[in-house]
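Participant: Here it is, the structure in full.
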Amino acid sequence: MSEPLVIVGNGMAAARLVDELAKVALGRYAIAVIGDEPRLAYNRVLLSSVLAGETTSQDIELRPASWWRDRGVTLKYGCIATEIDVGRRELKIENDESIPFSKLVLTTGSSPLRLNVPGADLAGVHTFRDSRDVDLLLTLAAQKKRVVVVGGGLLGLEAAYGLAKAGAPVTLVHLMDRLMERQLDAPAAELLKSLVERKGIEILLNANTAQIHGVTRVEDVELADGRRIDADAVIFAAGIRPNTALAKEAGIPVNRGIVVDDHLQTGASDVFAIGECAEHRGVCYGLVEPAYEQARVLARHLAGREAAYSGSTVATNLKVSGVSVFSAGDFIGGDGSESIVLSDINNGTYKKLVISDGRLTGAVLIGDVADALWYLELIRTRQPTARIRADMMFGRSLATRSEAA
Amino acid sequence: MTIVDPDLRAVKTTCAYCGVGCGVLATPDGRGGAAISGDPEHPANFGRLCSKGSALGETLGLADRLLYPMIRCGEGVMERVAWSDALDHVAHRFQHIIARDGPGAVAFYLSGQLLTEDYYVANKLMKGFIGSANVDTNSRLCMASSVAGHRRAFGADTVPGCYEDLDEADLLVLVGSNAAWCHPVLYQRMLVNKQTRGARIVVIDPRRTDTVGDDDLFLGLRPGTDTALFSGLLVHLADNGVLDRGYIERHTAGFDDAITRARNIAGSVGATALATGLAEQDVATFFQVFASTPRVVTLYSQGVNQSAQGTDKVNAILNCHLATGRIGLPGASPLSLTGQPNAMGGREVGGLANQLAAHMGFTPPDIDRVRRFWKAPRIATHEGLKAVQMFEAIARGEIKALWVMGTNPAVSLPNADGVRDALKKLELFVISENVISNDTVDVGAHVLLPAQAWGEKSGTVTNSERRISRQRAFLVPPGETKPDWWIMGEIAKRLGFGAAFGFTSAADIFREHAALSAFENEGARDFDIGALQALSNSDFDAMAPVQWPARQGAEPQARFFGEGGFFANDFRARFVAPEVPALRTETTAARPLRLNTGRIRDQWHTMTRTGMSPRLGQHLPEPFVEVHPDDAARYGVADGDFARVTTDYGQCTLRIIVSERQQRGMLFAPIHWSAANATGARVGSLVAPLTDPFSGQPENKATPASIVPYEYVFRGFALSRQPLEFPAHAWVARVAVNGGHGYLFADNADVTGWQSWLKSAVRDDLAEYKDFGGGVYRAASFSGDRIDTCLFIGPAGDAGDWNVVKGLFAADALSHDQRRMLLSGKSADGLANAGPIVCACFGVGRNTICETIAAGARTAADIGSKLKAGTNCGSCIPELKRLIAQASTRDAVSEKLAAVN
């Protein structure tokens, strides 16, 4: 008799966990997936592509229904889990029967933060998180509504890009003096800004959203310096918050996220958490790669194998608004470090490598990211780079050719 | 008169460079350029050209040309003036100085690149009418010792042999001649003889140059000991019964004194070896092969001539040929190789301070004859000052007016810095030039007169085998440039000598020159081209290459002296007893080495022409000094680094080439670079101005010198469409490159300073690579997809690959990948190129994906299973699908096309 394993959340982490479990523990667990979104798990990273019209909503589905069926997974989507009874090992579902579990995995993800400013509750103020948000934003864009996106991080840029591509006039306001300040240094952010601006998006930096004006609906956004921007809609994309309520109410220890150990186990035995909702060694990851790594470790653990998760070296490595962006490690480079910089702004390229103690310790790349993974490997392995310093900037093939020569 | 063929057909002309005098076919392109090829019918080269000649087409640009007369105005700035004003000014100033200080206070300094007609007018004006023999030429630096040696031995400056001798000789002895680089077409001719007839080649030179083939006998003698070697040879010939007693008896004088002196200098093989530093075995081999080979040509060049005993060296060689009667016979003769296209023409005209005209000297009968021919009552009656002495007289203030034509004495003369200082003292300094700037012009000429250049001017030149060939115009003269003869004729008219200078064409002048050569000659003078004195203008235009003598009514004659007939009263040649060989200077602890100077393969003189050719800039782009490995170790200099070379006269900073081809104790530096194209590389400034007592030729190849390392932390290069001005602290060598201007440089200043320097010089679209911690800065500015300017600097070896970047600079447009890799400064050839990254998670590039699609992948999942692309975050899946769709569209199109076909 298979053990009942219940996964709460039907996102990318859940899908990957099922996939990994099928590889290492096929048949050991009777898996049920409970998701509140009314559709099969999809690739959330591609939502901006859907918004931009580069792909369709159907196309981003991670796995067809048959795939889940073949793995004996009971899928319950459009269902809201309301309570974990840790003692009885039961999960309560809104308007439905409770489900017993022997193992429970929380993959509840995160929610966008809504700024606590006057007018934040007006009609026309939205977030950008799931498939339903995309449908709504597409409607706005189709009507050429003027949209203000609040937040110049990855999410905000993606929303702005998608909306602009879908036809909406977009203004992006960002609190900081540069875009993606947690991933980019100033020149990289400046180049990204100019590349994004070329796509027709207006960007305001040092723009602190003070208030959203409107009677019933959004009419304009007022910044702390008094500037006002006409808007038919406002999208909050200024950060996310792990979805921890379910765990917290069950008495499971929660910090910013649900606290897990190196086996991804929460404070409650047989209850696990992975993905954006989890907090491992004090870090909540907001990217897909750590979630996948966690899924792999957890699957092996659940299969009874030796497996431990020791954290991820976070790298940002994706296309932001159609621009390739990579950032890893100590990309600013403090005292005692040296920077090597290649910039070809008109060609849309900026690359910076940070070296400390003869090792690559950080990198930022805009435009030309061909060797991003090699740099990440160099950062992770801490291998000495003196011999390849002269050519490292121009890629692995040149650097290793020189090294061989 | 310049007529450019409207059909742009090939024009036959003669090469602008060395004394081989190769025939060139120039086919103008109608846009100021021309296609260049060798003239298959010209007997000097039969269609062959060397690297320099082949690249003549790359040297026709007008960027550096002087196009209008210019006069230094009150504020010291050169201003364009009308020809009439420039000519009036020059004539007036000359007249004033001559009237005040006498004709000895003025001088002309000419060039072996002038045409014979130009030379003739200059010589006639100065010697015949101004009344001074202060007319000398850069040929003084080149083959004056040969002239003096010829005159001492033969009674005239006669080249006895001809190029055909090189085909027919069984032994070719090259003395002080790197013919492989300096006279390449003749050298190739010698190689053909070696390969087809088995001729033996012996090379006598302190340096093992490229002229020495693997199977040749190389005699790397100590500098200045050639006379000992040939004295020893004469003794050997005498002691082994190889002398031609009959020839000596009938046609020569002075043998006994000569052989006695030879025995004193080098009386045996052993003594010769001792005197020359050669191995006895090598000396013996040379003597034996010379003795046993009647058909021997001894070719000699600057290694012999540029010496304070150059004339004696020449005579030591000539002695051996006279003593064996191996002169003027097929395959047997001495042959002086001249370095300039018309050094010989200058000699024929007499455009040297110690000759009068047309192979006549300053003897009373000759002076009288020329006075009557020219109707020149004021004709000069004694020799003038030879080049080195002329500039010393300028330095002393005795010569107050100088007119330089077509040469760059501030670079090429010994003690060149002293020359530069001397020129500043002139009251009147006139230059007829092609270029608007060179070291001589930049000293501060008062008047610049724009002369027509090769391809624009028309007249004759004479090569090393006495063959007169036409240089013909095939380009429209640019700006207001004029023939040199016209410029001088105008001055002559303004000085009141109009009647003697009524020339209207080069043909006019040539006819008078030919007539003078035949005037009261009757076979008494070797130089006689009387048969050409009545050529019509069209005959002159069509004139085929012709060897002199060309006596009226006499058969042509390719050689002299096979049956004697020397140009002395007794018709005998003279053996000359040379001085005991000794260099003029001693090395000391402070100057422990000797500096040899010379040419390199792909540059010529001061590079004002060859320096324009990108092709020629490739071979040896930087000024260098060659050092023997033992000396390099001893003085702490390393190959590729820099060194300061110092003599009592000056200092240069040069790149070091360590080479075993160089003799221990000697340095070699090429003569070509100047302040106009390099920093601290005026090698002429190092050379001692010590001259041969007979020829006045300076000893350019043995100046005592020292060498110390000079460290430059940074090396770099720059390429630009526009000329760049470099900061004064940098060492820079300029080199022509395809598409613009190249600069190789070295520096010790902070690299960040170079960033500011570049940013002040270029436009906005700048790509930069900065590794300031590693001392590296590379940057390129673009206009569109084309590099506009780029700069690469780094610690030695890290700047980047000059050749790779030069190739990209030459391109009209860089591809995306080329631009991406440009600042690596390295070739991206052969590197795997995955293309722009599509899958960021797994680093999979577009090219890789397209290859997989081409190999059959039809879905994103197919690609994922093969390359992992799209299997992590999946954000590239839309792009994967697009690439699949594009590929299938292409397939469909090509299927359709295939179906249509």
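By convention in this document, the chains of the structure tokens carry letters A, B, ... by their order, each chain's residues are numbered from 1, and ligands are numbered from 1 in the order they are shown.
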Would you mind listing, for every residue of chain A within 6 Å of chain B, the two atoms forming the shortest contact and the distance between them in Å to one decimal, using only C-alpha atoms, sorted by chain and ascending residue number, as a tab-separated table?

Facilitator:
```
residue	atom	partner	partner_atom	distance
A:Leu46	CA	B:Ser875	CA	5.4
A:Thr55	CA	B:Pro878	CA	5.9
A:Asn317	CA	B:Ala840	CA	6.0
A:Leu318	CA	B:Ala840	CA	5.8
A:Ile340	CA	B:Asp771	CA	4.6
A:Val341	CA	B:Lys770	CA	5.1
A:Leu342	CA	B:Tyr769	CA	4.3
A:Ser343	CA	B:Glu768	CA	5.2
A:Asp344	CA	B:Ala767	CA	4.1
A:Ala370	CA	B:Ile837	CA	5.2
```

Participant: Generate a file of the selected residues that holds N, CA and C atoms, formatted as a PDB file, in the first residue's frame.

Facilitator:
```
ATOM      1  N   LEU A  46       7.121  32.017 -17.652  1.00  0.00           N
ATOM      2  CA  LEU A  46       6.702  32.402 -18.999  1.00  0.00           C
ATOM      3  C   LEU A  46       5.469  33.302 -19.022  1.00  0.00           C
ATOM      4  N   THR A  55       4.040  33.791 -26.513  1.00  0.00           N
ATOM      5  CA  THR A  55       3.582  32.415 -26.433  1.00  0.00           C
ATOM      6  C   THR A  55       2.152  32.450 -25.907  1.00  0.00           C
ATOM      7  N   ASN A 317      19.822  34.649 -14.104  1.00  0.00           N
ATOM      8  CA  ASN A 317      20.261  34.260 -15.429  1.00  0.00           C
ATOM      9  C   ASN A 317      19.036  34.104 -16.285  1.00  0.00           C
ATOM     10  N   LEU A 318      18.622  35.187 -16.869  1.00  0.00           N
ATOM     11  CA  LEU A 318      17.400  35.112 -17.660  1.00  0.00           C
ATOM     12  C   LEU A 318      17.305  36.301 -18.584  1.00  0.00           C
ATOM     13  N   ILE A 340      37.181  43.597 -13.885  1.00  0.00           N
ATOM     14  CA  ILE A 340      37.489  43.670 -15.311  1.00  0.00           C
ATOM     15  C   ILE A 340      36.164  43.954 -16.005  1.00  0.00           C
ATOM     16  N   VAL A 341      36.169  44.961 -16.848  1.00  0.00           N
ATOM     17  CA  VAL A 341      34.901  45.384 -17.434  1.00  0.00           C
ATOM     18  C   VAL A 341      35.013  45.429 -18.949  1.00  0.00           C
ATOM     19  N   LEU A 342      34.021  44.883 -19.586  1.00  0.00           N
ATOM     20  CA  LEU A 342      33.891  45.044 -21.040  1.00  0.00           C
ATOM     21  C   LEU A 342      32.564  45.742 -21.280  1.00  0.00           C
ATOM     22  N   SER A 343      32.613  46.889 -21.924  1.00  0.00           N
ATOM     23  CA  SER A 343      31.341  47.535 -22.231  1.00  0.00           C
ATOM     24  C   SER A 343      31.312  47.929 -23.693  1.00  0.00           C
ATOM     25  N   ASP A 344      30.243  47.566 -24.326  1.00  0.00           N
ATOM     26  CA  ASP A 344      30.009  47.977 -25.709  1.00  0.00           C
ATOM     27  C   ASP A 344      28.545  48.384 -25.748  1.00  0.00           C
ATOM     28  N   ALA A 370      26.761  34.495 -23.115  1.00  0.00           N
ATOM     29  CA  ALA A 370      27.140  33.179 -23.636  1.00  0.00           C
ATOM     30  C   ALA A 370      27.922  32.360 -22.616  1.00  0.00           C
TER      31      ALA A 370
END
```

Participant: Write out as a PDB file with N, CA and C atoms, in the first residue's frame all residues of segment 80-285 of chain A that DSSP puts in alpha helix (DSSP H) for this structure's backbone.

Facilitator:
```pdb
ATOM      1  N   SER A 131      -1.632  33.386 -13.676  1.00  0.00           N
ATOM      2  CA  SER A 131      -2.279  33.299 -14.964  1.00  0.00           C
ATOM      3  C   SER A 131      -3.502  34.217 -15.048  1.00  0.00           C
ATOM      4  N   ARG A 132      -4.209  34.330 -13.929  1.00  0.00           N
ATOM      5  CA  ARG A 132      -5.400  35.188 -13.939  1.00  0.00           C
ATOM      6  C   ARG A 132      -4.992  36.652 -14.072  1.00  0.00           C
ATOM      7  N   ASP A 133      -3.890  37.025 -13.415  1.00  0.00           N
ATOM      8  CA  ASP A 133      -3.390  38.395 -13.554  1.00  0.00           C
ATOM      9  C   ASP A 133      -3.069  38.697 -15.016  1.00  0.00           C
ATOM     10  N   VAL A 134      -2.499  37.710 -15.677  1.00  0.00           N
ATOM     11  CA  VAL A 134      -2.119  37.925 -17.075  1.00  0.00           C
ATOM     12  C   VAL A 134      -3.349  38.216 -17.924  1.00  0.00           C
ATOM     13  N   ASP A 135      -4.407  37.439 -17.713  1.00  0.00           N
ATOM     14  CA  ASP A 135      -5.634  37.676 -18.488  1.00  0.00           C
ATOM     15  C   ASP A 135      -6.128  39.107 -18.284  1.00  0.00           C
ATOM     16  N   LEU A 136      -6.058  39.533 -17.037  1.00  0.00           N
ATOM     17  CA  LEU A 136      -6.532  40.869 -16.724  1.00  0.00           C
ATOM     18  C   LEU A 136      -5.664  41.956 -17.373  1.00  0.00           C
ATOM     19  N   LEU A 137      -4.369  41.737 -17.281  1.00  0.00           N
ATOM     20  CA  LEU A 137      -3.458  42.729 -17.864  1.00  0.00           C
ATOM     21  C   LEU A 137      -3.583  42.768 -19.378  1.00  0.00           C
ATOM     22  N   LEU A 138      -3.825  41.632 -19.986  1.00  0.00           N
ATOM     23  CA  LEU A 138      -4.016  41.602 -21.439  1.00  0.00           C
ATOM     24  C   LEU A 138      -5.234  42.423 -21.831  1.00  0.00           C
ATOM     25  N   THR A 139      -6.271  42.358 -21.008  1.00  0.00           N
ATOM     26  CA  THR A 139      -7.457  43.164 -21.277  1.00  0.00           C
ATOM     27  C   THR A 139      -7.114  44.645 -21.208  1.00  0.00           C
ATOM     28  N   LEU A 140      -6.337  45.017 -20.170  1.00  0.00           N
ATOM     29  CA  LEU A 140      -5.924  46.424 -20.044  1.00  0.00           C
ATOM     30  C   LEU A 140      -5.137  46.864 -21.266  1.00  0.00           C
ATOM     31  N   ALA A 141      -4.202  46.025 -21.664  1.00  0.00           N
ATOM     32  CA  ALA A 141      -3.335  46.392 -22.781  1.00  0.00           C
ATOM     33  C   ALA A 141      -4.142  46.526 -24.056  1.00  0.00           C
ATOM     34  N   ALA A 142      -5.066  45.603 -24.236  1.00  0.00           N
ATOM     35  CA  ALA A 142      -5.884  45.640 -25.450  1.00  0.00           C
ATOM     36  C   ALA A 142      -6.658  46.939 -25.519  1.00  0.00           C
ATOM     37  N   LEU A 154      13.006  42.426 -11.231  1.00  0.00           N
ATOM     38  CA  LEU A 154      12.718  41.494 -12.302  1.00  0.00           C
ATOM     39  C   LEU A 154      11.229  41.449 -12.647  1.00  0.00           C
ATOM     40  N   LEU A 155      10.401  41.297 -11.603  1.00  0.00           N
ATOM     41  CA  LEU A 155       8.968  41.134 -11.840  1.00  0.00           C
ATOM     42  C   LEU A 155       8.360  42.367 -12.513  1.00  0.00           C
ATOM     43  N   GLY A 156       8.740  43.524 -12.012  1.00  0.00           N
ATOM     44  CA  GLY A 156       8.205  44.763 -12.548  1.00  0.00           C
ATOM     45  C   GLY A 156       8.623  44.968 -14.003  1.00  0.00           C
ATOM     46  N   LEU A 157       9.870  44.668 -14.282  1.00  0.00           N
ATOM     47  CA  LEU A 157      10.348  44.823 -15.660  1.00  0.00           C
ATOM     48  C   LEU A 157       9.620  43.861 -16.587  1.00  0.00           C
ATOM     49  N   GLU A 158       9.395  42.649 -16.108  1.00  0.00           N
ATOM     50  CA  GLU A 158       8.688  41.674 -16.926  1.00  0.00           C
ATOM     51  C   GLU A 158       7.257  42.123 -17.200  1.00  0.00           C
ATOM     52  N   ALA A 159       6.617  42.633 -16.156  1.00  0.00           N
ATOM     53  CA  ALA A 159       5.248  43.098 -16.328  1.00  0.00           C
ATOM     54  C   ALA A 159       5.217  44.274 -17.308  1.00  0.00           C
ATOM     55  N   ALA A 160       6.132  45.188 -17.125  1.00  0.00           N
ATOM     56  CA  ALA A 160       6.173  46.374 -17.982  1.00  0.00           C
ATOM     57  C   ALA A 160       6.429  45.983 -19.432  1.00  0.00           C
ATOM     58  N   TYR A 161       7.357  45.059 -19.620  1.00  0.00           N
ATOM     59  CA  TYR A 161       7.708  44.617 -20.968  1.00  0.00           C
ATOM     60  C   TYR A 161       6.510  43.947 -21.634  1.00  0.00           C
ATOM     61  N   GLY A 162       5.877  43.054 -20.879  1.00  0.00           N
ATOM     62  CA  GLY A 162       4.727  42.342 -21.427  1.00  0.00           C
ATOM     63  C   GLY A 162       3.618  43.310 -21.808  1.00  0.00           C
ATOM     64  N   LEU A 163       3.333  44.222 -20.916  1.00  0.00           N
ATOM     65  CA  LEU A 163       2.274  45.195 -21.181  1.00  0.00           C
ATOM     66  C   LEU A 163       2.612  46.072 -22.383  1.00  0.00           C
ATOM     67  N   ALA A 164       3.833  46.529 -22.422  1.00  0.00           N
ATOM     68  CA  ALA A 164       4.227  47.405 -23.529  1.00  0.00           C
ATOM     69  C   ALA A 164       4.126  46.639 -24.840  1.00  0.00           C
ATOM     70  N   LYS A 165       4.574  45.399 -24.804  1.00  0.00           N
ATOM     71  CA  LYS A 165       4.509  44.611 -26.034  1.00  0.00           C
ATOM     72  C   LYS A 165       3.070  44.334 -26.436  1.00  0.00           C
ATOM     73  N   ALA A 166       2.226  44.213 -25.411  1.00  0.00           N
ATOM     74  CA  ALA A 166       0.814  43.967 -25.709  1.00  0.00           C
ATOM     75  C   ALA A 166       0.103  45.254 -26.123  1.00  0.00           C
ATOM     76  N   ALA A 186      25.779  49.667 -11.180  1.00  0.00           N
ATOM     77  CA  ALA A 186      25.204  50.856 -11.805  1.00  0.00           C
ATOM     78  C   ALA A 186      25.313  50.868 -13.338  1.00  0.00           C
ATOM     79  N   PRO A 187      26.497  50.577 -13.908  1.00  0.00           N
ATOM     80  CA  PRO A 187      26.554  50.626 -15.378  1.00  0.00           C
ATOM     81  C   PRO A 187      25.654  49.577 -16.032  1.00  0.00           C
ATOM     82  N   ALA A 188      25.576  48.401 -15.416  1.00  0.00           N
ATOM     83  CA  ALA A 188      24.727  47.361 -15.985  1.00  0.00           C
ATOM     84  C   ALA A 188      23.281  47.800 -15.944  1.00  0.00           C
ATOM     85  N   ALA A 189      22.904  48.384 -14.806  1.00  0.00           N
ATOM     86  CA  ALA A 189      21.524  48.829 -14.668  1.00  0.00           C
ATOM     87  C   ALA A 189      21.222  49.955 -15.657  1.00  0.00           C
ATOM     88  N   GLU A 190      22.205  50.795 -15.874  1.00  0.00           N
ATOM     89  CA  GLU A 190      22.025  51.905 -16.807  1.00  0.00           C
ATOM     90  C   GLU A 190      21.818  51.374 -18.227  1.00  0.00           C
ATOM     91  N   LEU A 191      22.630  50.375 -18.589  1.00  0.00           N
ATOM     92  CA  LEU A 191      22.474  49.794 -19.927  1.00  0.00           C
ATOM     93  C   LEU A 191      21.119  49.106 -20.040  1.00  0.00           C
ATOM     94  N   LEU A 192      20.750  48.347 -19.004  1.00  0.00           N
ATOM     95  CA  LEU A 192      19.455  47.669 -19.047  1.00  0.00           C
ATOM     96  C   LEU A 192      18.344  48.703 -19.208  1.00  0.00           C
ATOM     97  N   LYS A 193      18.489  49.787 -18.471  1.00  0.00           N
ATOM     98  CA  LYS A 193      17.467  50.838 -18.557  1.00  0.00           C
ATOM     99  C   LYS A 193      17.334  51.344 -19.984  1.00  0.00           C
ATOM    100  N   SER A 194      18.483  51.612 -20.608  1.00  0.00           N
ATOM    101  CA  SER A 194      18.387  52.175 -21.961  1.00  0.00           C
ATOM    102  C   SER A 194      17.824  51.138 -22.936  1.00  0.00           C
ATOM    103  N   LEU A 195      18.167  49.870 -22.709  1.00  0.00           N
ATOM    104  CA  LEU A 195      17.637  48.838 -23.606  1.00  0.00           C
ATOM    105  C   LEU A 195      16.126  48.679 -23.404  1.00  0.00           C
ATOM    106  N   VAL A 196      15.694  48.779 -22.152  1.00  0.00           N
ATOM    107  CA  VAL A 196      14.260  48.648 -21.880  1.00  0.00           C
ATOM    108  C   VAL A 196      13.513  49.883 -22.411  1.00  0.00           C
ATOM    109  N   GLU A 197      14.137  51.022 -22.258  1.00  0.00           N
ATOM    110  CA  GLU A 197      13.508  52.249 -22.776  1.00  0.00           C
ATOM    111  C   GLU A 197      13.328  52.189 -24.286  1.00  0.00           C
ATOM    112  N   ALA A 245       0.937  31.358   5.640  1.00  0.00           N
ATOM    113  CA  ALA A 245      -0.188  31.381   6.585  1.00  0.00           C
ATOM    114  C   ALA A 245      -0.601  29.974   7.027  1.00  0.00           C
ATOM    115  N   LEU A 246      -0.688  29.070   6.067  1.00  0.00           N
ATOM    116  CA  LEU A 246      -1.134  27.720   6.361  1.00  0.00           C
ATOM    117  C   LEU A 246      -0.222  27.062   7.402  1.00  0.00           C
ATOM    118  N   ALA A 247       1.071  27.222   7.190  1.00  0.00           N
ATOM    119  CA  ALA A 247       2.049  26.628   8.103  1.00  0.00           C
ATOM    120  C   ALA A 247       1.980  27.287   9.474  1.00  0.00           C
ATOM    121  N   LYS A 248       1.911  28.603   9.419  1.00  0.00           N
ATOM    122  CA  LYS A 248       1.933  29.361  10.663  1.00  0.00           C
ATOM    123  C   LYS A 248       0.764  28.960  11.556  1.00  0.00           C
ATOM    124  N   GLU A 249      -0.404  28.858  10.926  1.00  0.00           N
ATOM    125  CA  GLU A 249      -1.593  28.523  11.705  1.00  0.00           C
ATOM    126  C   GLU A 249      -1.514  27.110  12.262  1.00  0.00           C
TER     127      GLU A 249
END
```

Participant: Pick out the residues sitting within 8 Å of His513 of chain B, and hand them over as number ranges by chain; count only C-alpha atoms, and ignore anything fewer than 4 positions along from it in its own chain.

Facilitator: B: 117, 120, 349, 358, 509, 517, 533

Participant: Could you dump the residues just selected with C-alpha atoms as a PDB file, in the first residue's frame?

Facilitator:
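After the write, out.pdb holds the following:
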```pdb
ATOM      1  CA  GLU B 117      67.157  66.089 -66.737  1.00  0.00           C
ATOM      2  CA  TYR B 120      71.415  68.369 -65.519  1.00  0.00           C
ATOM      3  CA  VAL B 349      75.473  64.601 -65.406  1.00  0.00           C
ATOM      4  CA  ALA B 358      79.348  64.611 -68.203  1.00  0.00           C
ATOM      5  CA  ILE B 509      67.278  68.906 -71.699  1.00  0.00           C
ATOM      6  CA  SER B 517      78.477  64.033 -73.514  1.00  0.00           C
ATOM      7  CA  GLN B 533      71.391  64.010 -79.088  1.00  0.00           C
TER       8      GLN B 533
END
```

Participant: What lies within 7 Å of Ile355 of chain A using only C-alpha atoms, ignoring chain neighbours under 6 positions off, as a list in words?

Facilitator: Ser337, Glu338, Ser339 and Thr361 of chain A

Participant: Just write the chosen residues, C-alpha atoms, as a short mmCIF file (atom, residue, chain, number, x, y, z; two decimals), in the first residue's frame.

Facilitator:
```
data_model
loop_
_atom_site.label_atom_id
_atom_site.label_comp_id
_atom_site.auth_asym_id
_atom_site.auth_seq_id
_atom_site.Cartn_x
_atom_site.Cartn_y
_atom_site.Cartn_z
CA SER A 337 38.77 43.04 -5.23
CA GLU A 338 39.47 44.00 -8.81
CA SER A 339 37.06 44.43 -11.65
CA THR A 361 33.91 36.01 -7.10
#
```

Participant: Would you mind reading off the distance between atom CA of Gln886 of chain B and atom CA of Ile366 of chain A, one decimal, in Å?

Facilitator: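 Separation of atom CA of Gln886 of chain B and atom CA of Ile366 of chain A: 26.3 Å.
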
Participant: So what do you get for atom CA of Pro341 of chain B versus atom CA of Lys52 of chain B, distance-wise?

Facilitator: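 According to the coordinates, atom CA of Pro341 of chain B and atom CA of Lys52 of chain B are separated by 12.8 Å.
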
Participant: So that I can see what lies close to Thr653 of chain B, please list as a PyMOL selection string the residues with an atom at most 8 Å from it, counting only C-alpha atoms and leaving out residues fewer than 6 positions away in the same chain.

Facilitator: chain B and resi 642-645+679-681+710

Participant: Choose the residue, out of B:Asp312, B:Glu563, B:Asp85, B:Asp205, that has the smallest atom-to-atom separation from Lys701 of chain B; count only C-alpha atoms.

Facilitator: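 Ranking B:Asp312, B:Glu563, B:Asp85, B:Asp205 by distance to Lys701 of chain B, first place goes to B:Asp205.
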
Participant: Take atom CA of Asn208 of chain A and atom CA of Met176 of chain A and report the distance between them in Å, one decimal.

Facilitator: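 Straight-line distance from atom CA of Asn208 of chain A to atom CA of Met176 of chain A works out to 8.2 Å.
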
Participant: With only C-alpha atoms as the atoms that count, which of A:Ala372, A:Ala231, A:Leu40, A:Ala207 lies nearest to Arg178 of chain A?

Facilitator: A:Ala207

Participant: Among segment 57-142 of chain A, which ones does DSSP assign to strand (DSSP E or B) (computed from the backbone)? Answer as an NGL selection string.

Facilitator: :A and (61 or 74-77 or 81-85 or 90-93 or 99-100 or 103-106 or 110-112 or 123 or 125-127)

Participant: I'd like the contact shell of Gln211 of chain A - 8 Å cut-off, only C-alpha atoms, skipping same-chain residues fewer than 3 positions apart - returned as a list in words.

Facilitator: Val117, Pro118, Gly119, Ala120, Val221, Glu222 and Leu223 of chain A

Participant: Which residue is closest to Gly270 of chain B? Choose from B:Pro365, B:Pro28, B:Gly232, B:Gly325 and count only C-alpha atoms.

Facilitator: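 Using only C-alpha atoms, the shortest distance to Gly270 of chain B belongs to B:Gly232.
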
Participant: So which residues touch segment 274-290 of chain A within 7 Å, counting only C-alpha atoms, skipping near sequence neighbours fewer than 6 positions away, as a list in words?

Facilitator: Ala13, Leu106, Thr107, Thr108, Gly109, Ser110, Pro242, Asn243, Thr244, Arg256, Gly257, Ile258, Val259, Val260, Asp261, Leu264 and Ser312 of chain A; Cys873 of chain B
